[in-house]
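K.L.:
This is run.txt (compact mmCIF, C-alpha atoms and all ligand atoms).
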# COMPACT_ATOMS: atom_id res chain seq x y z
CA MET A 291 14.70 -11.62 11.60
CA ILE A 292 10.90 -11.82 11.79
CA THR A 293 9.32 -14.12 9.20
CA LEU A 294 5.59 -14.13 8.52
CA THR A 295 3.79 -16.24 5.93
CA VAL A 296 1.01 -15.22 3.56
CA SER A 297 -1.09 -18.15 2.35
CA THR A 298 -3.62 -17.94 -0.46
CA PRO A 299 -5.26 -20.82 -2.35
CA ASP A 300 -2.57 -20.68 -5.06
CA ALA A 301 0.48 -19.34 -3.27
CA SER A 302 2.30 -19.21 0.00
CA TYR A 303 5.15 -16.77 0.48
CA PRO A 304 7.27 -15.25 3.22
CA ILE A 305 7.55 -11.69 4.49
CA PHE A 306 11.04 -11.18 5.92
CA ILE A 307 11.30 -8.20 8.29
CA GLN A 308 14.72 -7.13 9.50
CA ALA A 309 16.92 -4.06 9.85
CA GLY A 310 19.75 -4.32 7.32
CA SER A 311 18.23 -7.14 5.27
CA LEU A 312 19.12 -5.42 1.97
CA ASN A 313 22.76 -6.22 2.68
CA THR A 314 22.13 -9.83 3.64
CA LEU A 315 19.86 -10.97 0.82
CA HIS A 316 21.59 -14.30 0.53
CA TYR A 317 20.18 -15.44 3.88
CA SER A 318 16.59 -14.85 2.92
CA LEU A 319 16.03 -14.39 -0.81
CA GLN A 320 18.31 -17.10 -2.24
CA PRO A 321 15.56 -19.74 -2.60
CA TYR A 322 13.29 -17.28 -4.42
CA LEU A 323 15.71 -16.12 -7.13
CA THR A 324 15.70 -17.35 -10.72
CA HIS A 325 18.59 -17.31 -13.21
CA GLN A 326 18.03 -13.64 -14.07
CA LEU A 327 16.61 -10.65 -12.20
CA ALA A 328 15.26 -7.33 -13.42
CA ILE A 329 15.42 -4.80 -10.58
CA VAL A 330 12.91 -2.02 -11.10
CA THR A 331 13.24 1.13 -9.03
CA ASN A 332 13.00 4.90 -9.46
CA GLU A 333 15.38 7.82 -9.74
CA THR A 334 15.03 8.73 -6.03
CA ILE A 335 15.57 5.25 -4.62
CA ALA A 336 18.32 4.18 -7.06
CA PRO A 337 21.04 6.43 -5.59
CA LEU A 338 20.05 5.35 -2.06
CA TYR A 339 19.62 1.56 -2.30
CA LEU A 340 20.20 0.14 -5.76
CA ARG A 341 23.96 -0.22 -5.29
CA ALA A 342 23.56 -2.15 -2.03
CA PHE A 343 21.05 -4.46 -3.65
CA GLU A 344 23.20 -5.00 -6.74
CA TYR A 345 26.28 -5.58 -4.60
CA ALA A 346 24.51 -8.27 -2.58
CA LEU A 347 23.37 -9.96 -5.81
CA GLN A 348 26.86 -9.80 -7.31
CA SER A 349 28.25 -11.54 -4.26
CA MET A 350 25.70 -14.30 -4.87
CA GLY A 351 26.73 -14.63 -8.54
CA VAL A 352 23.24 -13.77 -9.79
CA SER A 353 22.74 -12.21 -13.23
CA PHE A 354 20.66 -9.00 -13.22
CA PHE A 355 19.93 -5.69 -14.89
CA SER A 356 18.22 -2.59 -13.54
CA ILE A 357 15.42 -0.38 -14.79
CA ILE A 358 15.10 3.13 -13.35
CA LEU A 359 11.73 4.86 -13.70
CA PRO A 360 10.65 8.44 -13.03
CA ASP A 361 9.41 9.02 -9.47
CA GLY A 362 5.84 9.89 -8.54
CA GLU A 363 2.22 8.82 -8.34
CA GLN A 364 1.61 10.76 -11.57
CA TYR A 365 3.85 8.20 -13.35
CA LYS A 366 1.83 5.18 -12.22
CA ASN A 367 0.36 4.88 -15.70
CA TRP A 368 0.54 3.08 -19.06
CA GLU A 369 3.46 5.13 -20.36
CA THR A 370 5.70 4.24 -17.42
CA LEU A 371 4.51 0.64 -17.37
CA ASN A 372 5.56 0.43 -21.01
CA LEU A 373 9.09 1.51 -20.06
CA ILE A 374 9.31 -1.70 -18.00
CA TYR A 375 8.09 -3.87 -20.89
CA ASP A 376 10.47 -2.02 -23.29
CA ALA A 377 13.47 -2.76 -21.07
CA LEU A 378 12.48 -6.40 -20.51
CA LEU A 379 12.08 -6.98 -24.23
CA ARG A 380 15.29 -5.17 -25.13
CA LYS A 381 17.14 -7.40 -22.66
CA LYS A 382 15.35 -10.46 -24.06
CA ALA A 383 14.08 -11.24 -20.57
CA GLU A 384 12.48 -14.66 -20.45
CA ARG A 385 9.30 -15.61 -18.68
CA ASN A 386 11.17 -16.84 -15.62
CA THR A 387 13.12 -13.62 -15.18
CA THR A 388 12.22 -12.40 -11.69
CA LEU A 389 11.11 -8.79 -11.48
CA VAL A 390 12.17 -7.09 -8.25
CA ALA A 391 10.18 -4.06 -7.09
CA LEU A 392 12.63 -1.92 -5.12
CA GLY A 393 10.67 1.08 -3.84
CA GLY A 394 7.41 2.30 -2.41
CA GLY A 395 3.85 1.41 -3.32
CA VAL A 396 3.99 3.10 -6.71
CA ILE A 397 6.91 0.95 -7.84
CA GLY A 398 5.45 -2.15 -6.14
CA ASP A 399 2.02 -1.80 -7.75
CA MET A 400 3.45 -1.09 -11.21
CA VAL A 401 6.11 -3.80 -11.15
CA GLY A 402 3.58 -6.29 -9.84
CA PHE A 403 1.28 -5.52 -12.77
CA ALA A 404 4.20 -5.73 -15.21
CA ALA A 405 5.07 -9.14 -13.74
CA ALA A 406 1.45 -10.30 -13.93
CA THR A 407 1.30 -9.46 -17.62
CA TYR A 408 4.83 -9.92 -19.01
CA GLN A 409 4.69 -13.09 -21.10
CA ARG A 410 1.46 -13.89 -19.20
CA GLY A 411 3.19 -13.97 -15.83
CA ALA A 412 6.75 -13.67 -14.55
CA PRO A 413 7.80 -14.18 -10.92
CA PHE A 414 8.30 -11.08 -8.79
CA ILE A 415 9.67 -10.07 -5.41
CA GLN A 416 8.66 -7.05 -3.37
CA VAL A 417 11.39 -5.03 -1.63
CA PRO A 418 9.32 -2.20 -0.11
CA THR A 419 11.20 0.92 1.03
CA THR A 420 8.42 3.16 2.42
CA LEU A 421 6.46 2.54 5.60
CA LEU A 422 3.25 2.43 3.56
CA SER A 423 4.58 -0.26 1.28
CA GLN A 424 6.11 -2.23 4.17
CA VAL A 425 2.83 -2.39 6.10
CA ASP A 426 0.40 -2.68 3.23
CA SER A 427 0.99 -2.50 -0.51
CA SER A 428 3.80 -5.07 -0.81
CA VAL A 429 1.65 -7.76 0.80
CA GLY A 430 -1.47 -9.32 -0.68
CA GLY A 431 -0.96 -9.19 -4.42
CA LYS A 432 -2.97 -6.15 -5.46
CA THR A 433 -1.17 -4.65 -8.45
CA ALA A 434 -2.35 -1.78 -10.62
CA ILE A 435 -1.81 1.44 -12.50
CA ASN A 436 -4.04 4.52 -12.35
CA HIS A 437 -6.42 5.73 -15.05
CA PRO A 438 -7.16 9.47 -15.38
CA LEU A 439 -10.74 8.67 -14.32
CA GLY A 440 -9.87 6.53 -11.31
CA LYS A 441 -7.15 5.22 -8.98
CA ASN A 442 -5.79 1.70 -9.48
CA MET A 443 -8.43 0.98 -12.11
CA ILE A 444 -6.28 -1.23 -14.33
CA GLY A 445 -4.60 -4.14 -12.58
CA ALA A 446 -4.52 -7.72 -11.42
CA PHE A 447 -4.35 -9.84 -8.30
CA TYR A 448 -0.88 -11.33 -8.54
CA GLN A 449 1.09 -12.53 -5.54
CA PRO A 450 4.84 -12.02 -5.13
CA LYS A 451 7.21 -14.91 -4.43
CA ALA A 452 8.59 -13.14 -1.35
CA VAL A 453 8.59 -9.77 0.44
CA LEU A 454 11.79 -8.40 1.95
CA VAL A 455 11.39 -5.51 4.41
CA ASP A 456 14.54 -3.66 5.49
CA ILE A 457 13.47 -1.32 8.29
CA ASN A 458 16.70 0.67 7.89
CA THR A 459 15.41 2.08 4.59
CA LEU A 460 12.93 4.13 6.63
CA ASN A 461 15.82 6.25 7.94
CA THR A 462 15.96 8.15 4.63
CA LEU A 463 12.20 8.48 4.18
CA PRO A 464 10.90 12.09 4.29
CA ASP A 465 8.76 12.85 7.38
CA ARG A 466 5.67 13.44 5.25
CA GLU A 467 6.01 9.96 3.70
CA LEU A 468 6.50 8.34 7.12
CA SER A 469 3.24 9.92 8.28
CA ALA A 470 1.47 8.75 5.11
CA GLY A 471 2.46 5.18 6.02
CA LEU A 472 1.12 5.64 9.53
CA ALA A 473 -2.34 6.27 8.06
CA GLU A 474 -2.46 2.65 6.86
CA VAL A 475 -1.15 1.41 10.22
CA ILE A 476 -3.91 3.31 12.04
CA LYS A 477 -6.39 1.83 9.55
CA TYR A 478 -5.58 -1.73 10.67
CA ALA A 479 -6.11 -0.80 14.31
CA LEU A 480 -9.47 0.82 13.56
CA ILE A 481 -10.91 -2.07 11.58
CA LYS A 482 -9.57 -4.97 13.61
CA ASP A 483 -7.73 -4.32 16.85
CA VAL A 484 -8.59 -1.71 19.47
CA GLN A 485 -5.64 -2.79 21.65
CA PHE A 486 -3.31 -1.94 18.78
CA LEU A 487 -5.07 1.45 18.62
CA SER A 488 -4.13 2.06 22.27
CA TRP A 489 -0.58 0.92 21.54
CA LEU A 490 -0.39 3.42 18.67
CA GLU A 491 -1.67 6.20 20.93
CA ASP A 492 1.03 5.35 23.49
CA ASN A 493 3.83 4.93 20.96
CA MET A 494 3.18 7.53 18.24
CA ASP A 495 6.09 9.70 19.42
CA LEU A 496 8.47 6.74 19.17
CA LEU A 497 7.20 5.88 15.69
CA LEU A 498 7.66 9.44 14.49
CA ALA A 499 11.17 9.41 15.97
CA ARG A 500 11.78 6.22 13.92
CA ASP A 501 12.51 4.09 16.95
CA GLN A 502 13.49 0.78 15.39
CA LYS A 503 11.78 -1.43 17.94
CA ALA A 504 8.50 0.49 17.69
CA LEU A 505 8.62 0.48 13.88
CA ALA A 506 9.34 -3.25 13.79
CA TYR A 507 6.36 -3.92 16.06
CA ALA A 508 4.03 -1.72 13.98
CA ILE A 509 5.18 -3.34 10.72
CA GLN A 510 4.94 -6.86 12.06
CA THR A 511 1.49 -6.28 13.58
CA SER A 512 0.18 -4.67 10.39
CA CYS A 513 1.61 -7.37 8.10
CA HIS A 514 0.22 -10.05 10.38
CA MET A 515 -3.30 -8.58 10.12
CA LYS A 516 -2.97 -8.13 6.38
CA ALA A 517 -1.76 -11.72 5.92
CA GLN A 518 -4.75 -13.00 7.92
CA VAL A 519 -7.25 -11.03 5.84
CA VAL A 520 -5.64 -11.97 2.52
CA ALA A 521 -5.56 -15.65 3.51
CA GLU A 522 -9.30 -15.49 4.17
CA ASP A 523 -10.28 -13.47 1.11
CA GLU A 524 -7.57 -13.00 -1.51
CA LYS A 525 -9.78 -11.54 -4.26
CA GLU A 526 -11.87 -9.23 -2.05
CA HIS A 527 -15.23 -10.94 -2.17
CA GLY A 528 -15.76 -10.25 1.53
CA VAL A 529 -13.60 -9.36 4.50
CA ARG A 530 -10.72 -7.86 2.45
CA ALA A 531 -12.92 -4.87 1.66
CA LEU A 532 -12.35 -3.78 5.26
CA LEU A 533 -8.76 -2.92 4.31
CA ASN A 534 -10.31 -0.11 2.29
CA LEU A 535 -11.36 1.92 5.32
CA GLY A 536 -10.99 5.56 4.23
CA HIS A 537 -10.09 4.56 0.67
CA THR A 538 -13.45 5.20 -1.04
CA PHE A 539 -13.15 8.83 0.05
CA GLY A 540 -9.36 8.82 -0.24
CA HIS A 541 -9.25 7.65 -3.85
CA ALA A 542 -11.84 10.33 -4.71
CA ILE A 543 -9.54 12.96 -3.16
CA GLU A 544 -6.51 11.68 -5.08
CA THR A 545 -8.36 11.63 -8.40
CA GLN A 546 -10.01 15.02 -7.83
CA MET A 547 -6.83 16.79 -6.71
CA GLY A 548 -4.57 15.20 -9.37
CA TYR A 549 -2.38 12.17 -8.67
CA GLY A 550 0.54 13.02 -6.39
CA VAL A 551 -0.89 16.27 -4.98
CA TRP A 552 -2.24 14.57 -1.87
CA LEU A 553 -0.14 11.55 -0.87
CA HIS A 554 -2.12 8.31 -0.83
CA GLY A 555 -1.76 7.99 2.95
CA GLU A 556 -2.85 11.60 3.48
CA ALA A 557 -5.97 11.06 1.38
CA VAL A 558 -6.67 7.85 3.33
CA ALA A 559 -6.31 9.74 6.64
CA ALA A 560 -8.86 12.38 5.59
CA GLY A 561 -11.01 9.53 4.25
CA ILE A 562 -10.81 7.65 7.57
CA MET A 563 -12.05 10.77 9.32
CA LEU A 564 -15.01 10.99 6.92
CA ALA A 565 -15.77 7.29 7.48
CA CYS A 566 -15.73 7.91 11.24
CA ARG A 567 -18.07 10.90 10.90
CA LEU A 568 -20.42 8.81 8.75
CA SER A 569 -20.29 6.01 11.33
CA GLU A 570 -21.19 8.58 13.99
CA LYS A 571 -24.02 9.95 11.85
CA LEU A 572 -25.45 6.43 11.52
CA GLY A 573 -25.31 5.93 15.29
CA PHE A 574 -22.36 3.52 15.51
CA LEU A 575 -19.57 5.70 16.88
CA ALA A 576 -19.79 8.21 19.69
CA ASN A 577 -18.47 11.71 19.14
CA SER A 578 -15.70 10.90 21.64
CA ASP A 579 -14.58 7.99 19.37
CA CYS A 580 -14.25 10.41 16.43
CA VAL A 581 -12.29 12.82 18.62
CA ARG A 582 -9.99 9.95 19.62
CA VAL A 583 -9.31 9.09 15.96
CA LYS A 584 -8.83 12.73 15.03
CA THR A 585 -6.34 13.18 17.88
CA LEU A 586 -4.31 10.16 16.78
CA LEU A 587 -4.26 11.15 13.10
CA THR A 588 -3.27 14.69 14.07
CA LYS A 589 -0.51 13.36 16.31
CA ALA A 590 0.75 11.38 13.31
CA ASN A 591 0.90 14.68 11.37
CA LEU A 592 -1.86 13.60 9.02
CA PRO A 593 -4.67 15.73 7.58
CA VAL A 594 -8.10 15.22 9.14
CA GLN A 595 -10.00 17.60 6.88
CA ALA A 596 -10.74 16.61 3.29
CA PRO A 597 -10.40 19.26 0.58
CA SER A 598 -13.66 20.91 -0.30
CA PHE A 599 -15.30 20.00 -3.59
CA ALA A 600 -18.87 19.55 -4.81
CA VAL A 601 -20.87 16.58 -3.51
CA SER A 602 -21.65 15.71 -7.15
CA GLN A 603 -17.91 15.37 -7.81
CA TRP A 604 -17.46 13.12 -4.76
CA LEU A 605 -20.28 10.93 -6.02
CA GLU A 606 -18.87 10.82 -9.53
CA HIS A 607 -15.44 9.67 -8.27
CA MET A 608 -16.91 7.23 -5.76
CA SER A 609 -19.08 5.67 -8.47
CA HIS A 610 -15.80 4.27 -9.91
CA ASP A 611 -14.88 2.62 -6.61
CA LYS A 612 -14.04 -1.07 -6.99
CA LYS A 613 -16.46 -1.96 -4.20
CA VAL A 614 -19.45 -0.66 -6.18
CA VAL A 615 -21.97 -3.47 -6.79
CA GLN A 616 -24.88 -2.94 -9.20
CA GLY A 617 -24.38 0.81 -8.98
CA ASN A 618 -24.42 0.91 -5.17
CA ILE A 619 -21.44 2.46 -3.42
CA ARG A 620 -20.35 0.29 -0.49
CA PHE A 621 -18.71 2.03 2.45
CA VAL A 622 -16.33 0.65 5.04
CA LEU A 623 -17.56 2.04 8.36
CA LEU A 624 -16.89 1.32 12.03
CA LYS A 625 -19.35 -0.38 14.39
CA SER A 626 -16.97 0.58 17.16
CA LEU A 627 -13.26 1.38 17.33
CA GLY A 628 -11.51 -1.83 16.31
CA SER A 629 -14.48 -3.25 14.41
CA GLY A 630 -15.07 -2.42 10.75
CA PHE A 631 -17.98 -3.45 8.56
CA VAL A 632 -19.14 -2.87 4.98
CA THR A 633 -22.51 -1.39 4.10
CA SER A 634 -24.36 0.18 1.20
CA GLN A 635 -27.13 1.36 3.53
CA VAL A 636 -26.13 5.00 3.53
CA SER A 637 -28.64 7.63 2.47
CA ILE A 638 -27.57 10.39 0.12
CA SER A 639 -28.65 12.96 2.69
CA ASP A 640 -26.43 11.47 5.42
CA LEU A 641 -23.55 11.28 2.96
CA GLU A 642 -24.11 14.85 1.79
CA SER A 643 -24.28 16.11 5.34
CA VAL A 644 -20.94 14.47 6.24
CA LEU A 645 -19.23 15.53 3.02
CA SER A 646 -20.30 19.13 3.34
CA SER A 647 -19.68 19.47 7.09
P1 LIG A 701 5.60 6.09 -3.28
O1 LIG A 701 5.87 4.79 -3.85
O2 LIG A 701 5.28 7.21 -4.21
O3 LIG A 701 6.85 6.51 -2.38
C1 LIG A 701 6.82 7.76 -1.72
C2 LIG A 701 8.06 8.62 -2.04
O4 LIG A 701 9.15 8.17 -1.24
C3 LIG A 701 8.53 8.54 -3.47
O5 LIG A 701 9.02 9.80 -3.87
C4 LIG A 701 9.67 7.52 -3.39
O6 LIG A 701 10.61 7.66 -4.43
C5 LIG A 701 10.28 7.88 -2.07
N1 LIG A 701 10.99 6.82 -1.38
C6 LIG A 701 10.68 5.50 -1.34
N2 LIG A 701 11.45 4.87 -0.46
C7 LIG A 701 12.29 5.79 0.05
C8 LIG A 701 13.31 5.73 1.02
N3 LIG A 701 13.59 4.62 1.68
N4 LIG A 701 13.99 6.88 1.32
C9 LIG A 701 13.66 8.03 0.69
N5 LIG A 701 12.68 8.15 -0.22
C10 LIG A 701 12.01 7.03 -0.53
O7 LIG A 701 4.40 6.06 -2.23
P2 LIG A 701 3.91 4.96 -1.19
O8 LIG A 701 3.23 5.73 -0.14
O9 LIG A 701 4.98 4.02 -0.83
O10 LIG A 701 2.82 4.13 -2.01
C11 LIG A 701 1.63 4.73 -2.46
C12 LIG A 701 1.05 3.89 -3.55
O11 LIG A 701 0.74 2.59 -3.04
C13 LIG A 701 -0.24 4.43 -4.13
O12 LIG A 701 -0.18 4.39 -5.52
C14 LIG A 701 -1.31 3.50 -3.62
O13 LIG A 701 -2.39 3.41 -4.48
C15 LIG A 701 -0.55 2.21 -3.51
N6 LIG A 701 -1.11 1.25 -2.54
C16 LIG A 701 -1.28 -0.02 -2.96
C17 LIG A 701 -1.75 -0.97 -2.09
C18 LIG A 701 -1.87 -2.41 -2.52
O14 LIG A 701 -2.44 -3.21 -1.78
N7 LIG A 701 -1.33 -2.77 -3.64
C19 LIG A 701 -2.06 -0.63 -0.76
C20 LIG A 701 -1.86 0.69 -0.37
C21 LIG A 701 -1.38 1.63 -1.27
N1 LIG A 702 -4.77 -2.05 0.61
C1 LIG A 702 -6.01 -2.73 0.44
C2 LIG A 702 -5.85 -4.19 0.14
O1 LIG A 702 -4.77 -4.67 -0.01
O2 LIG A 702 -6.82 -4.87 0.03
Let's see the structure in the file written out as structure tokens.
P.N.:
Amino acid sequence: MITLTVSTPDASYPIFIQAGSLNTLHYSLQPYLTHQLAIVTNETIAPLYLRAFEYALQSMGVSFFSIILPDGEQYKNWETLNLIYDALLRKKAERNTTLVALGGGVIGDMVGFAAATYQRGAPFIQVPTTLLSQVDSSVGGKTAINHPLGKNMIGAFYQPKAVLVDINTLNTLPDRELSAGLAEVIKYALIKDVQFLSWLEDNMDLLLARDQKALAYAIQTSCHMKAQVVAEDEKEHGVRALLNLGHTFGHAIETQMGYGVWLHGEAVAAGIMLACRLSEKLGFLANSDCVRVKTLLTKANLPVQAPSFAVSQWLEHMSHDKKVVQGNIRFVLLKSLGSGFVTSQVSISDLESVLSS
């Protein structure tokens, strides 16, 4: 079992990473459980993993009930969030009922926000089951739902009590979802660690083949980088913005195309490519760097070409970005491969030329 720790000013919690950990909860989660648990999952994950989770809890003598939501990014909204509150209230769940998010980033973000707001704050545990959620969304306490006008616009920073990653859950993940998770893994390498980028280039075939050792290394390395960034800047006043490489463009793609049409990771991949092109336009990256990124994303079966829509629509969506300060869009760009930075010094003409190329 690999154990990492995330430390913020108000909280410190473990990330447990192990194959098979869903069946051996008692070794890791016992200290983080309260008298009652509400397990929140969706209709796809429930038949795969809910029974195993419930069985492990039963053997520990813990009281629990389960809430099964519809599946999809298009359900990451008020209506579905309300289904969680409805079930908690019907069950007379108290403030120290622990909410467990069993699923991908959609479940994790929604359950985290439900926990942040239910009776002004209930404990919660992340049990991420997609690669994307295991390397990114389950760690760091960003919780949210979407608004029709913008991704993740309604939410809170709210840290979990613990994160339990069972690498075996990736065996049932569709190929397209595995690739979507790899977009966030590649993101970490690009903003922080060029050696990890080389490792990804050398090991992409193993990752796509779901080699357990390679996956464990990629998850551990990604979570380690995320934990470092979150420890330094929990509420995104500075360095945490780097974790949004590709996201300013990616969120615009998701909103424009309709939630769920492009997977989050796919939109991020196309967004990373745009950020690289913009970095090249501004004289930071060489064309060969962009080719290197494009080759890696392509090898990971990710899109490298954003859908085509009007520059005015891009600007409209990007004006809702959470990094906007006093009306200025701030972009995460690359000084070099492995070194991200944030800037608002981008001219409309450079932006237009990259978006329309
Ligand atoms: P997701 O939660 O929609 O899961 C993808 C699909 O895989 C779903 O259909 C799900 O039911 C299914 N699934 C999950 N686990 C499975 C398994 N083990 N086997 C088979 N199928 C499985 O998508 P995601 O990519 O995990 O998360 C994307 C969301 O995460 C977006 O809403 C994004 O905004 C958010 N996000 C949040 C953060 C954060 O810091 N909070 C970071 C990155 C992304
Ligand atoms: N996924 C971006 C962040 O957690 O800050």
K.L.:
Please, which residues have at least one atom within 7 Å of an atom of ligand LIG 701 (chain A), using all atoms listed in the file, listed as a count of residues only?
P.N.:
39
K.L.:
12 Å from ligand LIG 702 (chain A) is the threshold here; counting all atoms listed in the file, which polymer residues fall inside it? Answer as JSON, numbers by chain.
P.N.:
{"A": [395, 399, 422, 423, 424, 425, 426, 427, 428, 429, 430, 431, 432, 433, 434, 442, 446, 447, 448, 449, 471, 473, 474, 475, 477, 478, 512, 513, 515, 516, 517, 518, 519, 520, 521, 522, 523, 524, 525, 526, 527, 528, 529, 530, 531, 532, 533, 534, 535, 536, 537, 538, 540, 541, 554, 555, 558, 612, 613, 622]}
K.L.:
Tell me which protein, DNA and RNA residues are within 10 Å of stretch 348-353 of chain A, counting all atoms listed in the file, leaving out same-chain ones fewer than 6 positions away, and put them as a PyMOL selection string.
P.N.:
chain A and resi 315-316+320+323-328+342+387
K.L.:
Mind checking which residues fall within 7 Å of A:Lys482, counting all atoms listed in the file, ignoring those fewer than 4 positions away in the same chain, and posting them as JSON, numbers by chain?
P.N.:
{"A": [478, 628, 629, 630]}
K.L.:
Counting only C-alpha atoms, figure out which residue out of A:Pro304, A:Pro450, A:Pro413, A:Pro418 gets nearest to A:Thr331.
P.N.:
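So, comparing all the options, the nearest one is A:Pro418.
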K.L.:
Figure out the distance between atom CA of A:Asn367 and atom CA of A:Phe343, please, to one decimal in Å.
P.N.:
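Taking atom CA of A:Phe343 as the start and atom CA of A:Asn367 as the end point, the length is 25.7 Å.
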K.L.:
Residues around (-26.1, 10.3, -9.2), cut-off 10 Å, counting only C-alpha atoms - what are they as a list in words?
P.N.:
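Those residues lying close to the given coordinates are Val601, Ser602, Gln603, Leu605, Glu606, Ser609, Gly617 and Ile638 of chain A.
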K.L.:
For the residues in that selection, give me C-alpha atoms as a PDB file, keeping the file's coordinate frame.
P.N.:
ATOM      1  CA  VAL A 601     -20.870  16.580  -3.510  1.00  0.00           C
ATOM      2  CA  SER A 602     -21.650  15.710  -7.150  1.00  0.00           C
ATOM      3  CA  GLN A 603     -17.910  15.370  -7.810  1.00  0.00           C
ATOM      4  CA  LEU A 605     -20.280  10.930  -6.020  1.00  0.00           C
ATOM      5  CA  GLU A 606     -18.870  10.820  -9.530  1.00  0.00           C
ATOM      6  CA  SER A 609     -19.080   5.670  -8.470  1.00  0.00           C
ATOM      7  CA  GLY A 617     -24.380   0.810  -8.980  1.00  0.00           C
ATOM      8  CA  ILE A 638     -27.570  10.390   0.120  1.00  0.00           C
TER       9      ILE A 638
END
K.L.:
Using all atoms listed in the file, pick whichever of A:Val401, A:Val632, A:Ser356, A:Glu344 has the shortest atom-to-atom distance to A:Val614.
P.N.:
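The answer is A:Val632, which sits nearest to A:Val614.
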K.L.:
Rounded to one decimal, what separation in Å do you get between atom CA of A:Gln409 and atom CA of A:Asn436?
P.N.:
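Between atom CA of A:Gln409 and atom CA of A:Asn436 the gap is 21.5 Å.
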K.L.:
Using all atoms listed in the file, which residue out of A:Gln510, A:Ala600, A:Asp579, A:Asp501 lies closest to A:Ile543?
P.N.:
A:Ala600
K.L.:
Would you please work out which residue, of A:Leu624, A:Ile509, A:Met563, A:Ile329, is nearest to A:Val455 when using all atoms listed in the file?
P.N.:
A:Ile509
K.L.:
For A:Tyr322, list every protein, DNA or RNA residue within 9 Å, evaluated using all atoms listed in the file, and leave out those in the same chain fewer than 2 positions away; present the list as an MDAnalysis selection string.
P.N.:
chainID A and resid 318:320 324 388 415 451:452
K.L.:
Find the distance between atom CA of A:Lys625 and atom CA of A:Lys589 and write it in Å to one decimal.
P.N.:
23.4 Å
K.L.:
Copy stretch 504-508 of chain A out of the block into a file, keeping all heavy atoms, as a JSON list (two decimals), in the first residue's frame.
P.N.:
[["chain", "number", "residue", "atom", "x", "y", "z"],
["A", 504, "ALA", "N", 2.81, 0.21, -13.86],
["A", 504, "ALA", "CA", 2.90, 1.51, -14.54],
["A", 504, "ALA", "C", 1.79, 2.44, -14.05],
["A", 504, "ALA", "O", 2.03, 3.62, -13.77],
["A", 504, "ALA", "CB", 2.82, 1.32, -16.06],
["A", 505, "LEU", "N", 0.58, 1.90, -13.93],
["A", 505, "LEU", "CA", -0.53, 2.73, -13.45],
["A", 505, "LEU", "C", -0.26, 3.24, -12.03],
["A", 505, "LEU", "O", -0.47, 4.41, -11.73],
["A", 505, "LEU", "CB", -1.84, 1.95, -13.48],
["A", 505, "LEU", "CG", -2.49, 1.76, -14.85],
["A", 505, "LEU", "CD1", -3.65, 0.77, -14.78],
["A", 505, "LEU", "CD2", -2.99, 3.10, -15.43],
["A", 506, "ALA", "N", 0.23, 2.33, -11.18],
["A", 506, "ALA", "CA", 0.50, 2.74, -9.79],
["A", 506, "ALA", "C", 1.53, 3.86, -9.76],
["A", 506, "ALA", "O", 1.38, 4.84, -9.00],
["A", 506, "ALA", "CB", 0.99, 1.54, -8.99],
["A", 507, "TYR", "N", 2.55, 3.76, -10.61],
["A", 507, "TYR", "CA", 3.58, 4.80, -10.62],
["A", 507, "TYR", "C", 2.98, 6.13, -11.12],
["A", 507, "TYR", "O", 3.24, 7.20, -10.53],
["A", 507, "TYR", "CB", 4.76, 4.38, -11.52],
["A", 507, "TYR", "CG", 5.84, 5.42, -11.55],
["A", 507, "TYR", "CD1", 6.71, 5.58, -10.46],
["A", 507, "TYR", "CD2", 5.98, 6.29, -12.63],
["A", 507, "TYR", "CE1", 7.69, 6.57, -10.46],
["A", 507, "TYR", "CE2", 6.96, 7.29, -12.63],
["A", 507, "TYR", "CZ", 7.80, 7.41, -11.55],
["A", 507, "TYR", "OH", 8.76, 8.39, -11.55],
["A", 508, "ALA", "N", 2.17, 6.07, -12.18],
["A", 508, "ALA", "CA", 1.59, 7.30, -12.72],
["A", 508, "ALA", "C", 0.64, 7.94, -11.70],
["A", 508, "ALA", "O", 0.63, 9.16, -11.52],
["A", 508, "ALA", "CB", 0.84, 7.00, -14.02]]
